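Shown below: start.cif, with mmCIF, C-alpha atoms.
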```cif
data_protein
#
loop_
_atom_site.label_atom_id
_atom_site.label_comp_id
_atom_site.auth_asym_id
_atom_site.auth_seq_id
_atom_site.Cartn_x
_atom_site.Cartn_y
_atom_site.Cartn_z
CA MET A 1 77.12 106.99 66.11
CA THR A 2 80.50 105.32 66.53
CA ASP A 3 82.93 104.36 63.77
CA ALA A 4 82.27 100.70 64.49
CA GLN A 5 78.52 101.12 64.21
CA GLU A 6 78.73 103.04 60.95
CA THR A 7 81.24 100.61 59.46
CA ALA A 8 78.97 97.69 60.25
CA ALA A 9 75.81 99.45 59.12
CA ASP A 10 74.21 99.64 62.54
CA VAL A 11 75.50 96.30 63.84
CA SER A 12 75.90 96.94 67.58
CA LEU A 13 79.03 96.13 69.53
CA ARG A 14 79.04 92.68 71.02
CA THR A 15 81.28 89.98 72.45
CA THR A 16 81.90 87.07 70.11
CA GLY A 17 83.70 84.62 72.33
CA GLY A 18 86.89 86.53 73.15
CA GLY A 19 85.68 88.09 76.34
CA PRO A 20 86.85 87.17 79.84
CA PRO A 21 85.34 84.10 81.53
CA ASP A 22 82.07 84.67 83.38
CA ASP A 23 81.52 87.98 81.61
CA GLY A 24 77.85 87.29 81.05
CA GLY A 25 78.10 88.27 77.38
CA SER A 26 77.09 86.34 74.32
CA SER A 27 79.09 83.28 73.31
CA GLY A 28 79.63 83.82 69.62
CA ALA A 29 76.10 83.51 68.22
CA GLU A 30 76.94 86.03 65.51
CA ALA A 31 79.84 85.55 63.11
CA PRO A 32 82.50 88.29 63.20
CA ILE A 33 82.45 90.79 60.33
CA PRO A 34 85.60 91.26 58.20
CA LEU A 35 86.75 94.89 58.28
CA LEU A 36 88.19 95.42 54.81
CA GLU A 37 88.30 99.19 54.22
CA PRO A 38 88.70 102.29 56.41
CA ARG A 39 85.41 104.14 56.71
CA GLU A 40 86.63 107.20 54.77
CA GLY A 41 89.03 105.22 52.56
CA ILE A 42 92.82 105.21 52.79
CA PRO A 43 94.01 108.72 53.64
CA PRO A 44 97.04 110.17 51.83
CA VAL A 45 100.36 109.86 53.63
CA ILE A 46 101.41 113.15 55.23
CA ALA A 47 104.95 113.83 54.03
CA ASP A 48 105.44 117.63 54.10
CA GLU A 49 105.12 120.45 56.59
CA ALA A 50 102.10 122.09 54.94
CA ALA A 51 100.04 118.89 55.06
CA LEU A 52 101.24 118.24 58.60
CA ALA A 53 100.04 121.68 59.70
CA GLU A 54 96.57 120.86 58.37
CA VAL A 55 96.52 117.57 60.29
CA ILE A 56 97.61 119.30 63.49
CA ALA A 57 94.78 121.83 63.14
CA ALA A 58 92.22 119.11 62.40
CA PHE A 59 93.22 116.94 65.34
CA ALA A 60 93.39 119.90 67.71
CA ALA A 61 89.79 120.69 66.73
CA GLY A 62 88.66 117.06 67.11
CA THR A 63 86.79 115.70 70.12
CA GLY A 64 87.28 112.84 72.53
CA PRO A 65 90.22 110.43 72.82
CA VAL A 66 92.72 110.00 69.98
CA ALA A 67 93.75 106.56 68.74
CA VAL A 68 97.52 106.34 68.14
CA ASP A 69 99.69 103.64 66.61
CA ALA A 70 103.20 103.45 65.14
CA GLU A 71 104.92 101.04 62.77
CA ARG A 72 108.60 100.19 63.11
CA ALA A 73 110.97 98.16 60.93
CA SER A 74 112.13 95.67 63.55
CA GLY A 75 114.35 93.02 62.04
CA TYR A 76 115.13 95.22 59.03
CA ARG A 77 116.61 98.49 60.32
CA TYR A 78 118.92 99.48 63.16
CA GLY A 79 117.07 100.73 66.22
CA GLN A 80 113.36 101.06 66.87
CA ARG A 81 112.42 104.33 65.18
CA ALA A 82 108.91 104.90 63.83
CA TYR A 83 108.41 104.70 60.06
CA LEU A 84 104.67 105.43 60.07
CA VAL A 85 102.39 107.05 62.65
CA GLN A 86 98.63 106.52 62.52
CA LEU A 87 96.03 108.58 64.37
CA ARG A 88 92.27 108.77 64.47
CA ARG A 89 89.99 111.15 66.35
CA ALA A 90 86.32 112.05 66.14
CA GLY A 91 85.91 115.12 63.97
CA ALA A 92 89.36 114.69 62.39
CA GLY A 93 89.20 111.24 60.80
CA THR A 94 92.33 109.17 60.22
CA ALA A 95 95.82 110.47 59.47
CA LEU A 96 98.86 108.54 58.28
CA ILE A 97 102.12 110.46 58.86
CA ASP A 98 105.56 109.68 57.49
CA PRO A 99 107.99 110.52 60.33
CA VAL A 100 110.95 110.14 57.98
CA ALA A 101 109.72 113.09 55.89
CA CYS A 102 108.32 114.85 58.99
CA PRO A 103 110.72 113.90 61.79
CA ASP A 104 109.51 116.51 64.29
CA LEU A 105 105.94 115.83 65.42
CA SER A 106 106.21 117.84 68.62
CA GLY A 107 103.65 120.30 67.28
CA LEU A 108 101.14 117.47 66.93
CA GLY A 109 102.06 116.21 70.38
CA GLU A 110 101.45 119.65 71.84
CA ALA A 111 98.11 119.94 70.03
CA LEU A 112 97.02 116.71 71.70
CA SER A 113 98.35 117.65 75.15
CA GLY A 114 95.76 116.78 77.78
CA VAL A 115 93.87 114.54 75.37
CA GLU A 116 93.64 110.85 76.28
CA TRP A 117 95.70 108.76 73.85
CA VAL A 118 94.45 105.24 73.13
CA LEU A 119 97.23 102.79 72.30
CA HIS A 120 97.48 99.01 72.16
CA ALA A 121 100.54 97.74 74.07
CA ALA A 122 101.59 101.32 74.79
CA THR A 123 105.05 100.52 76.14
CA GLN A 124 106.07 99.17 72.71
CA ASP A 125 105.22 102.37 70.84
CA LEU A 126 105.94 105.10 73.40
CA PRO A 127 109.76 105.05 72.99
CA CYS A 128 109.64 105.64 69.22
CA LEU A 129 106.86 108.21 69.61
CA ARG A 130 108.92 110.04 72.23
CA GLU A 131 111.82 110.28 69.75
CA ILE A 132 109.66 112.32 67.35
CA GLY A 133 108.15 114.59 70.01
CA MET A 134 104.90 112.78 70.78
CA ILE A 135 104.51 112.25 74.53
CA PRO A 136 101.05 111.64 76.03
CA SER A 137 100.04 113.06 79.40
CA ARG A 138 97.08 110.64 79.61
CA LEU A 139 96.59 107.28 77.97
CA PHE A 140 94.41 104.19 77.79
CA ASP A 141 96.18 100.94 76.91
CA THR A 142 93.72 98.49 75.36
CA GLU A 143 96.10 95.53 75.67
CA LEU A 144 96.73 96.13 79.37
CA ALA A 145 93.02 96.73 79.90
CA GLY A 146 92.36 93.33 78.35
CA ARG A 147 94.88 91.68 80.68
CA ILE A 148 93.38 93.27 83.78
CA ALA A 149 89.86 92.32 82.62
CA GLY A 150 90.95 88.71 82.19
CA PHE A 151 90.76 88.27 78.43
CA PRO A 152 92.61 85.11 77.36
CA ARG A 153 93.97 86.68 74.15
CA VAL A 154 94.99 90.33 74.14
CA GLY A 155 96.47 90.93 70.68
CA LEU A 156 94.72 93.76 68.84
CA GLY A 157 93.11 91.43 66.29
CA ALA A 158 91.83 89.07 68.96
CA MET A 159 90.50 91.94 71.08
CA VAL A 160 88.72 93.67 68.20
CA GLU A 161 87.14 90.37 67.17
CA GLY A 162 86.27 89.26 70.68
CA VAL A 163 84.91 92.56 71.96
CA LEU A 164 83.61 94.38 68.89
CA GLY A 165 82.89 91.50 66.52
CA PHE A 166 85.11 92.58 63.63
CA VAL A 167 88.01 90.79 61.97
CA LEU A 168 91.12 92.87 61.24
CA GLU A 169 93.47 91.78 58.48
CA LYS A 170 96.87 91.28 60.15
CA GLY A 171 99.04 90.13 57.26
CA HIS A 172 101.40 93.12 57.23
CA SER A 173 102.45 93.38 60.88
CA ALA A 174 106.03 92.20 60.25
CA VAL A 175 106.83 93.91 56.94
CA ASP A 176 109.66 96.39 56.36
CA TRP A 177 107.92 99.68 57.14
CA SER A 178 110.99 101.65 56.03
CA THR A 179 109.99 100.80 52.43
CA ARG A 180 109.18 103.86 50.31
CA PRO A 181 106.69 104.35 48.85
CA LEU A 182 104.56 102.25 51.18
CA PRO A 183 102.28 99.87 49.21
CA GLU A 184 98.56 100.56 49.33
CA PRO A 185 97.67 97.28 51.13
CA TRP A 186 100.08 98.19 53.91
CA LEU A 187 98.52 101.64 54.26
CA ARG A 188 95.05 100.08 54.39
CA TYR A 189 96.21 97.76 57.15
CA ALA A 190 97.77 100.69 59.05
CA ALA A 191 94.61 102.80 58.82
CA LEU A 192 92.43 99.91 60.00
CA ASP A 193 94.65 99.47 63.06
CA VAL A 194 93.28 102.74 64.51
CA GLU A 195 89.80 102.53 62.96
CA LEU A 196 88.17 100.87 65.98
CA LEU A 197 90.68 101.57 68.74
CA VAL A 198 88.50 104.16 70.49
CA ASP A 199 85.46 101.85 70.24
CA LEU A 200 87.54 99.09 71.81
CA ARG A 201 88.60 101.49 74.56
CA ASP A 202 84.97 102.39 75.33
CA ALA A 203 83.87 98.75 75.47
CA LEU A 204 86.79 97.77 77.71
CA GLU A 205 86.12 100.69 80.04
CA LYS A 206 82.58 99.39 80.54
CA GLU A 207 83.83 95.85 81.14
CA LEU A 208 86.45 96.99 83.64
CA ASP A 209 83.85 99.07 85.45
CA ARG A 210 81.49 96.06 85.56
CA GLN A 211 84.24 93.96 87.15
CA GLY A 212 85.18 96.67 89.64
CA LYS A 213 88.65 97.00 88.09
CA LEU A 214 88.43 100.34 86.28
CA GLU A 215 90.30 102.27 88.96
CA TRP A 216 93.04 99.63 88.92
CA ALA A 217 93.47 100.04 85.18
CA LEU A 218 93.52 103.85 85.42
CA GLN A 219 96.32 103.66 87.98
CA GLU A 220 98.30 101.42 85.63
CA PHE A 221 97.79 103.80 82.72
CA ASP A 222 98.91 106.76 84.83
CA ALA A 223 102.05 104.85 85.82
CA ILE A 224 102.92 104.20 82.16
CA ALA A 225 102.29 107.80 81.12
CA SER A 226 104.41 109.22 83.96
CA ALA A 227 107.29 106.73 83.71
CA PRO A 228 110.63 108.23 82.65
CA PRO A 229 112.42 106.87 79.58
CA ALA A 230 114.13 103.55 80.21
CA GLU A 231 117.82 103.68 81.06
CA PRO A 232 120.16 102.20 78.42
CA ARG A 233 120.99 98.58 79.16
CA LYS A 234 124.38 98.00 80.75
CA ASP A 235 126.57 95.55 78.82
CA PRO A 236 123.92 94.80 76.16
CA TRP A 237 126.31 92.29 74.56
CA ARG A 238 125.58 89.96 77.46
CA ARG A 239 122.07 89.47 76.05
CA THR A 240 123.46 87.68 72.97
CA SER A 241 121.32 84.61 72.34
CA GLY A 242 123.17 81.45 73.35
CA MET A 243 125.36 83.13 75.97
CA HIS A 244 124.68 80.30 78.40
CA LYS A 245 127.15 78.20 76.40
CA VAL A 246 129.98 80.69 76.94
CA ARG A 247 131.85 79.94 80.16
CA ARG A 248 135.42 81.23 79.97
CA ARG A 249 136.37 84.89 80.33
CA ARG A 250 138.41 84.87 77.10
CA GLN A 251 135.34 83.58 75.26
CA LEU A 252 133.23 86.32 76.85
CA ALA A 253 135.72 88.86 75.50
CA VAL A 254 135.23 87.46 71.98
CA VAL A 255 131.46 87.83 72.31
CA LYS A 256 131.89 91.42 73.47
CA GLU A 257 134.31 92.38 70.67
CA LEU A 258 132.21 90.75 67.93
CA TRP A 259 128.95 92.19 69.30
CA GLU A 260 130.37 95.72 69.46
CA ALA A 261 131.91 95.47 65.98
CA ARG A 262 128.62 94.20 64.60
CA ASP A 263 126.70 96.99 66.31
CA ARG A 264 128.95 99.69 64.81
CA ILE A 265 128.51 98.22 61.32
CA ALA A 266 124.75 97.81 61.72
CA GLN A 267 124.36 101.38 62.94
CA ARG A 268 126.47 102.74 60.08
CA ARG A 269 124.52 100.75 57.48
CA ASP A 270 121.14 101.24 59.24
CA VAL A 271 120.28 97.56 59.17
CA SER A 272 119.25 95.10 61.86
CA PRO A 273 122.35 93.70 63.62
CA GLY A 274 121.12 90.18 62.95
CA LYS A 275 121.42 90.85 59.22
CA VAL A 276 125.11 91.73 59.67
CA LEU A 277 126.08 88.70 61.77
CA SER A 278 123.89 86.27 63.67
CA ASP A 279 124.07 85.72 67.43
CA ALA A 280 124.70 82.04 66.73
CA ALA A 281 127.80 82.92 64.69
CA ILE A 282 129.13 85.15 67.46
CA VAL A 283 128.78 82.35 70.00
CA GLU A 284 130.38 79.85 67.58
CA ALA A 285 133.43 82.08 67.21
CA ALA A 286 133.65 82.63 70.97
CA LEU A 287 133.65 78.91 71.67
CA ALA A 288 136.15 78.08 68.91
CA LEU A 289 138.57 81.01 69.42
CA PRO A 290 139.80 80.75 65.78
CA VAL A 291 143.42 81.71 65.25
CA ASN A 292 143.08 82.94 61.65
CA VAL A 293 140.61 83.74 58.87
CA HIS A 294 140.80 80.19 57.51
CA ALA A 295 139.70 78.73 60.85
CA LEU A 296 136.97 81.36 61.19
CA ALA A 297 135.59 80.60 57.72
CA ALA A 298 135.09 76.96 58.73
CA LEU A 299 132.61 77.92 61.48
CA ASN A 300 128.83 78.03 61.09
CA GLY A 301 127.72 81.54 60.20
CA PHE A 302 131.02 82.45 58.50
CA GLY A 303 130.60 80.32 55.37
CA HIS A 304 131.47 80.69 51.72
CA ARG A 305 129.01 83.54 51.14
CA MET A 306 131.05 85.84 53.36
CA GLY A 307 133.78 87.78 51.56
CA ARG A 308 137.41 87.89 52.57
CA ARG A 309 137.17 91.48 53.77
CA GLN A 310 134.21 90.65 56.02
CA LEU A 311 136.02 87.64 57.44
CA GLU A 312 139.05 89.77 58.18
CA GLN A 313 137.02 92.33 60.12
CA TRP A 314 135.49 89.59 62.28
CA GLN A 315 138.87 87.90 62.79
CA ALA A 316 140.29 91.26 63.86
CA ALA A 317 137.64 91.42 66.59
CA VAL A 318 138.53 87.89 67.71
CA ASP A 319 142.22 88.82 67.72
CA ARG A 320 141.53 91.87 69.89
CA ALA A 321 139.90 89.61 72.44
CA ARG A 322 142.72 87.07 72.22
CA GLY A 323 145.26 89.82 72.87
CA LEU A 324 143.68 91.22 76.04
CA ALA A 325 145.55 90.87 79.30
CA GLU A 326 143.88 88.70 81.93
CA VAL A 327 142.87 91.71 84.03
CA GLN A 328 141.09 93.23 81.00
CA LEU A 329 138.81 90.25 80.42
CA PRO A 330 135.12 90.70 81.31
CA GLN A 331 133.87 89.00 84.44
CA PRO A 332 131.35 86.17 84.08
CA GLY A 333 127.82 87.28 84.85
CA GLN A 334 126.66 90.76 85.74
CA PRO A 335 126.75 92.50 89.12
CA VAL A 336 123.59 91.40 90.91
CA THR A 337 121.46 94.02 92.61
CA GLY A 338 118.81 92.69 94.92
CA PRO A 339 118.21 89.07 95.87
CA PRO A 340 120.09 86.16 94.28
CA PRO A 341 118.38 83.83 91.78
CA PRO A 342 115.55 81.91 93.52
CA ARG A 343 117.21 78.56 92.76
CA ALA A 344 120.01 79.51 95.17
CA TRP A 345 117.72 80.50 98.04
CA ALA A 346 117.40 77.04 99.59
CA ASP A 347 121.16 76.93 100.19
CA LYS A 348 121.72 80.59 101.07
CA ASP A 349 118.65 81.19 103.24
CA PRO A 350 116.18 78.31 103.72
CA ALA A 351 113.76 80.54 105.64
CA ALA A 352 113.64 83.03 102.76
CA ALA A 353 113.07 80.14 100.33
CA ALA A 354 110.12 78.99 102.42
CA ARG A 355 108.71 82.54 102.49
CA LEU A 356 109.04 82.83 98.71
CA SER A 357 107.32 79.49 98.13
CA ALA A 358 104.40 80.49 100.33
CA ALA A 359 104.18 83.96 98.79
CA ARG A 360 104.24 82.65 95.22
CA ALA A 361 101.43 80.21 95.95
CA ALA A 362 99.34 82.89 97.67
CA VAL A 363 99.84 85.49 94.91
CA SER A 364 99.08 82.88 92.23
CA ALA A 365 95.82 81.94 93.97
CA LEU A 366 94.86 85.60 94.34
CA ALA A 367 95.57 86.33 90.67
CA GLU A 368 93.42 83.37 89.67
CA SER A 369 90.56 84.55 91.86
CA LEU A 370 90.82 88.03 90.32
CA ASN A 371 91.02 86.54 86.81
CA MET A 372 94.19 88.30 85.69
CA PRO A 373 97.79 87.33 84.91
CA GLN A 374 99.95 87.09 88.01
CA GLU A 375 102.56 89.51 86.63
CA ASN A 376 99.88 92.20 86.23
CA LEU A 377 98.74 91.73 89.81
CA ILE A 378 102.30 92.24 91.13
CA THR A 379 105.70 91.79 89.50
CA PRO A 380 107.58 88.61 90.46
CA ASP A 381 110.67 90.74 91.23
CA THR A 382 108.70 92.74 93.81
CA VAL A 383 107.58 89.54 95.54
CA ARG A 384 111.14 88.20 95.56
CA ARG A 385 112.57 91.37 97.07
CA VAL A 386 110.00 91.51 99.86
CA CYS A 387 110.54 87.82 100.66
CA TRP A 388 114.33 88.11 100.66
CA GLU A 389 114.38 91.14 102.98
CA PRO A 390 111.01 91.31 104.72
CA PRO A 391 110.25 94.10 107.21
CA SER A 392 111.65 93.45 110.68
CA VAL A 393 108.09 93.55 112.00
CA VAL A 394 105.63 92.00 109.56
CA SER A 395 102.35 93.89 109.48
CA ALA A 396 99.92 95.24 106.92
CA GLU A 397 101.49 98.68 107.31
CA SER A 398 105.12 97.55 106.95
CA VAL A 399 104.48 95.18 104.03
CA GLY A 400 102.31 97.75 102.26
CA ALA A 401 105.03 100.36 102.67
CA ALA A 402 107.64 97.95 101.29
CA LEU A 403 105.49 97.23 98.24
CA ALA A 404 104.95 100.94 97.62
CA ARG A 405 108.70 101.64 97.84
CA LEU A 406 109.26 99.00 95.17
CA GLY A 407 106.83 100.73 92.81
CA ALA A 408 103.57 98.87 93.41
CA ARG A 409 100.48 100.93 92.68
CA ALA A 410 97.91 101.64 95.41
CA TRP A 411 95.48 99.01 94.09
CA GLN A 412 98.23 96.40 94.05
CA VAL A 413 99.24 97.23 97.61
CA GLU A 414 95.62 96.90 98.72
CA GLN A 415 95.12 93.53 97.01
CA VAL A 416 98.49 91.87 97.64
CA THR A 417 99.38 93.04 101.15
CA PRO A 418 97.03 90.65 103.05
CA VAL A 419 98.28 87.52 101.27
CA LEU A 420 101.93 88.55 101.64
CA VAL A 421 101.49 89.28 105.32
CA ALA A 422 100.09 85.78 105.77
CA ALA A 423 102.90 84.20 103.74
CA LEU A 424 105.64 86.11 105.56
CA SER A 425 104.16 85.29 108.94
CA ALA A 426 103.73 81.55 108.28
#
```
As structure tokens, the full file:
Amino acid sequence: MTDAQETAADVSLRTTGGGPPDDGGSSGAEAPIPLLEPREGIPPVIADEAALAEVIAAFAAGTGPVAVDAERASGYRYGQRAYLVQLRRAGAGTALIDPVACPDLSGLGEALSGVEWVLHAATQDLPCLREIGMIPSRLFDTELAGRIAGFPRVGLGAMVEGVLGFVLEKGHSAVDWSTRPLPEPWLRYAALDVELLVDLRDALEKELDRQGKLEWALQEFDAIASAPPAEPRKDPWRRTSGMHKVRRRRQLAVVKELWEARDRIAQRRDVSPGKVLSDAAIVEAALALPVNVHALAALNGFGHRMGRRQLEQWQAAVDRARGLAEVQLPQPGQPVTGPPPPRAWADKDPAAAARLSAARAAVSALAESLNMPQENLITPDTVRRVCWEPPSVVSAESVGAALARLGARAWQVEQVTPVLVAALSA
């Protein structure tokens, strides 16, 4: 008997209105059941090596897939490290692990090597799990499965309610998980997040198989599991919110100096950069180019609550930018790799613009017929690149090869190639 069935006292899994269109399931005849407590209660938080060793042994001896989740302190702390890791596996129950007290979970990762990990929105949690030594070789992403299956809402709460018929309490998703000790209601919420994840995986596998999309989803999961860590962003300061207002190179230099000073302070204090200085304040200073602390203090974001010493450190960053020679100033924009922005295509290459218009319409129609988001069928960037530099001879073989070189999976190549061939040949 599954966790979901036991929790609901033999209430069987069912769809309650959140399933994909035309799924043939029920349409919400039964009210969803609030899930208020983990089946075995809230487990103690694992915070020492002896307790961790017991968990590793228990999960190594468990059976079937393992549900995995991680909580970060986004908006509160610097970086995206994990502050709580939750797991559940048949035969082992649920475990809550404090990765601050136990920062090396590679032993647990090794114990689960070869086991399928079930995560929701896996790409969000995998980087912080990798940092503590937990790297899956196989995974099942319930959010991505929901997208491929055509569910209109793919958040964990919506999926659990729509597919399994249970309501998860989601009130603690944005709290400061670096808090110690973690309050009991937060721990209850964290344990419930993995309570039904394997049940959700099983139900989605059946739905994908019914739709003939299971192999597609498995290829996507394999691609996520085998992907290397993302490369650090080049010039991350250019992603400052409001950068579109900054036009002059001297102003760009102010943004860069303030952003880098803020990042050093945030890292040293282990707080979110936005709590040190807002993006809006950085842009305000860049546009105004204040000549002294008094002028800086008059700007939004540098008001009376900011002390003299803080103002001086920000003014010093502005002064560094003001003192740069012209050749040292950053260039506007970033070096572009690949095709130019689509809005420029009509002027640069009208034929390519026509190809892109036809391809977009064809891919959109195909995605609609397959009942999935267009970006999950094929990435917009892949379509743009093929349309900007199509094969010299357009054929199913040449277009399919181009898609594969750009990272499209085999199922995507099979589905998208015919419509792209038609669009490129029009």
**Prompt:** What residues have an atom no more than 6 Å from (82.1, 101.7, 71.5) in the file's own frame, counting all atoms listed in the file, and can you write them as a list of chain:residue names?
**Reply:**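 Nearby residues: A:Asp199, A:Asp202, A:Ala203.
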**Message:** When you count only C-alpha atoms, which of these residues is closest to A:Gly133: A:Leu192, A:Pro103, A:Pro373, A:Val167?
**Reply:**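 Nearest candidate to A:Gly133 out of A:Leu192, A:Pro103, A:Pro373, A:Val167: A:Pro103.
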**Prompt:** Could you pull the residues within 9 Å of A:Ala73, counting only C-alpha atoms, minus those fewer than 6 positions along the same chain, as JSON, numbers by chain?
**Reply:** {"A": [79, 80, 81, 82, 83, 174, 175, 176, 177, 178, 179, 272]}
File dump, residues just selected, C-alpha atoms, as a CSV table (one decimal), in the frame of the given file:
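Printed below is out-v3.csv as written:
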```csv
chain,number,residue,atom,x,y,z
A,79,GLY,CA,117.1,100.7,66.2
A,80,GLN,CA,113.4,101.1,66.9
A,81,ARG,CA,112.4,104.3,65.2
A,82,ALA,CA,108.9,104.9,63.8
A,83,TYR,CA,108.4,104.7,60.1
A,174,ALA,CA,106.0,92.2,60.2
A,175,VAL,CA,106.8,93.9,56.9
A,176,ASP,CA,109.7,96.4,56.4
A,177,TRP,CA,107.9,99.7,57.1
A,178,SER,CA,111.0,101.6,56.0
A,179,THR,CA,110.0,100.8,52.4
A,272,SER,CA,119.2,95.1,61.9
```
**Request:** Quick one: apply the PyMOL selection byres ((chain A and resi 220) around 12) to the file and drop the selected residues here as a PyMOL selection string.
**Result:** chain A and resi 122-123+138-145+147-148+213-219+221-227+376-378+407-412
Atoms kept (C-alpha atoms) for selection, written as a tab-separated table (two decimals), keeping the file's coordinate frame:
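Final output, saved to out_12.tsv:
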```tsv
chain	number	residue	atom	x	y	z
A	122	ALA	CA	101.59	101.32	74.79
A	123	THR	CA	105.05	100.52	76.14
A	138	ARG	CA	97.08	110.64	79.61
A	139	LEU	CA	96.59	107.28	77.97
A	140	PHE	CA	94.41	104.19	77.79
A	141	ASP	CA	96.18	100.94	76.91
A	142	THR	CA	93.72	98.49	75.36
A	143	GLU	CA	96.10	95.53	75.67
A	144	LEU	CA	96.73	96.13	79.37
A	145	ALA	CA	93.02	96.73	79.90
A	147	ARG	CA	94.88	91.68	80.68
A	148	ILE	CA	93.38	93.27	83.78
A	213	LYS	CA	88.65	97.00	88.09
A	214	LEU	CA	88.43	100.34	86.28
A	215	GLU	CA	90.30	102.27	88.96
A	216	TRP	CA	93.04	99.63	88.92
A	217	ALA	CA	93.47	100.04	85.18
A	218	LEU	CA	93.52	103.85	85.42
A	219	GLN	CA	96.32	103.66	87.98
A	221	PHE	CA	97.79	103.80	82.72
A	222	ASP	CA	98.91	106.76	84.83
A	223	ALA	CA	102.05	104.85	85.82
A	224	ILE	CA	102.92	104.20	82.16
A	225	ALA	CA	102.29	107.80	81.12
A	226	SER	CA	104.41	109.22	83.96
A	227	ALA	CA	107.29	106.73	83.71
A	376	ASN	CA	99.88	92.20	86.23
A	377	LEU	CA	98.74	91.73	89.81
A	378	ILE	CA	102.30	92.24	91.13
A	407	GLY	CA	106.83	100.73	92.81
A	408	ALA	CA	103.57	98.87	93.41
A	409	ARG	CA	100.48	100.93	92.68
A	410	ALA	CA	97.91	101.64	95.41
A	411	TRP	CA	95.48	99.01	94.09
A	412	GLN	CA	98.23	96.40	94.05
```
**Request:** Evaluate the PyMOL selection byres ((chain A and resi 149) around 8) on the structure here and hand back the selected residues as number ranges by chain.
**Result:** A: 20, 145-148, 150-151, 204, 207-208, 211, 213, 371-372
Filtering to C-alpha atoms, could you give me those residues as a PDB file, in the coordinates of the input?
```pdb
ATOM      1  CA  PRO A  20      86.850  87.170  79.840  1.00  0.00           C
ATOM      2  CA  ALA A 145      93.020  96.730  79.900  1.00  0.00           C
ATOM      3  CA  GLY A 146      92.360  93.330  78.350  1.00  0.00           C
ATOM      4  CA  ARG A 147      94.880  91.680  80.680  1.00  0.00           C
ATOM      5  CA  ILE A 148      93.380  93.270  83.780  1.00  0.00           C
ATOM      6  CA  GLY A 150      90.950  88.710  82.190  1.00  0.00           C
ATOM      7  CA  PHE A 151      90.760  88.270  78.430  1.00  0.00           C
ATOM      8  CA  LEU A 204      86.790  97.770  77.710  1.00  0.00           C
ATOM      9  CA  GLU A 207      83.830  95.850  81.140  1.00  0.00           C
ATOM     10  CA  LEU A 208      86.450  96.990  83.640  1.00  0.00           C
ATOM     11  CA  GLN A 211      84.240  93.960  87.150  1.00  0.00           C
ATOM     12  CA  LYS A 213      88.650  97.000  88.090  1.00  0.00           C
ATOM     13  CA  ASN A 371      91.020  86.540  86.810  1.00  0.00           C
ATOM     14  CA  MET A 372      94.190  88.300  85.690  1.00  0.00           C
TER      15      MET A 372
END
```
**Asked** Neighbours of A:Gln86 within 6 Å (all atoms listed in the file; same-chain residues fewer than 5 positions away dropped), as a PyMOL selection string?
**Response** chain A and resi 68-69+95-96
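Checking A:Arg322, A:Arg201, A:Arg269, A:Arg130 one by one against A:Leu252, counting only C-alpha atoms, you find the shortest gap at A:Arg322.
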**Message:** Could you list, as a PyMOL selection string, every residue within 12 Å of stretch 55-59 of chain A, counting all atoms listed in the file and ignoring same-chain residues fewer than 4 positions away?
**Reply:** chain A and resi 43-51+63-68+86-97+105-113+115
**Prompt:** Exactly which residues make up the result of the PyMOL selection byres ((chain A and resi 360) around 12) on this file, given as a PyMOL selection string?
**Reply:** chain A and resi 342+353-359+361-367+374-375+377-384+386-387+416+419-420+422-424
**Request:** State, in Å with one decimal place, the distance from atom CA of A:Thr417 to atom CA of A:Glu397.
**Result:** 8.6 Å
**Item:** Distance criterion (only C-alpha atoms): nearest to A:Ala285 out of A:Asp319, A:Glu37, A:Glu368, A:Glu231
**Value:**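 Ranking A:Asp319, A:Glu37, A:Glu368, A:Glu231 by distance to A:Ala285, first place goes to A:Asp319.
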**Message:** Give me the residues near stretch 330-335 of chain A as a VMD selection string, where near means some atom within 8 Å (using all atoms listed in the file) and where sequence neighbours in that chain fewer than 3 positions away do not count.
**Reply:** chain A and resid 247 to 250 252 to 253
**Atomic distance atom CA of A:Gln267 - atom CA of A:Ser74, expressed in Å with one decimal** =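 Computed distance, atom CA of A:Gln267 to atom CA of A:Ser74, equals 13.5 Å.
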**Request:** Rank nothing, just name the residue among A:Asp193, A:Glu184, A:Glu257, A:Glu414 nearest to A:Ala321, using only C-alpha atoms.
**Result:** A:Glu257
**Message:** Can you measure atom CA of A:Ile282 to atom CA of A:Leu296 for me? One decimal in Å is fine.
**Reply:**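 The value is 10.7 Å.
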**Request:** Just the residues within 10 Å of A:Leu200, please, counting all atoms listed in the file, with nothing from its chain fewer than 2 positions along; format it as a PyMOL selection string.
**Result:** chain A and resi 4+13+118+120+142+146+156+159-164+194-198+202-205
**Message:** From the options A:Leu168, A:Met243, A:Met306, A:Ala261, which residue's atoms come nearest to A:Ala190, counting all atoms listed in the file?
**Reply:**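 Of A:Leu168, A:Met243, A:Met306, A:Ala261, the one nearest A:Ala190, counting all atoms listed in the file, is A:Leu168.
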**Message:** Just checking: using all atoms listed in the file, which residue out of A:Pro339, A:Pro418, A:Gly62, A:Gly301 ends up closest to A:Trp314?
**Reply:**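 Distance minimum relative to A:Trp314 lands on A:Gly301.
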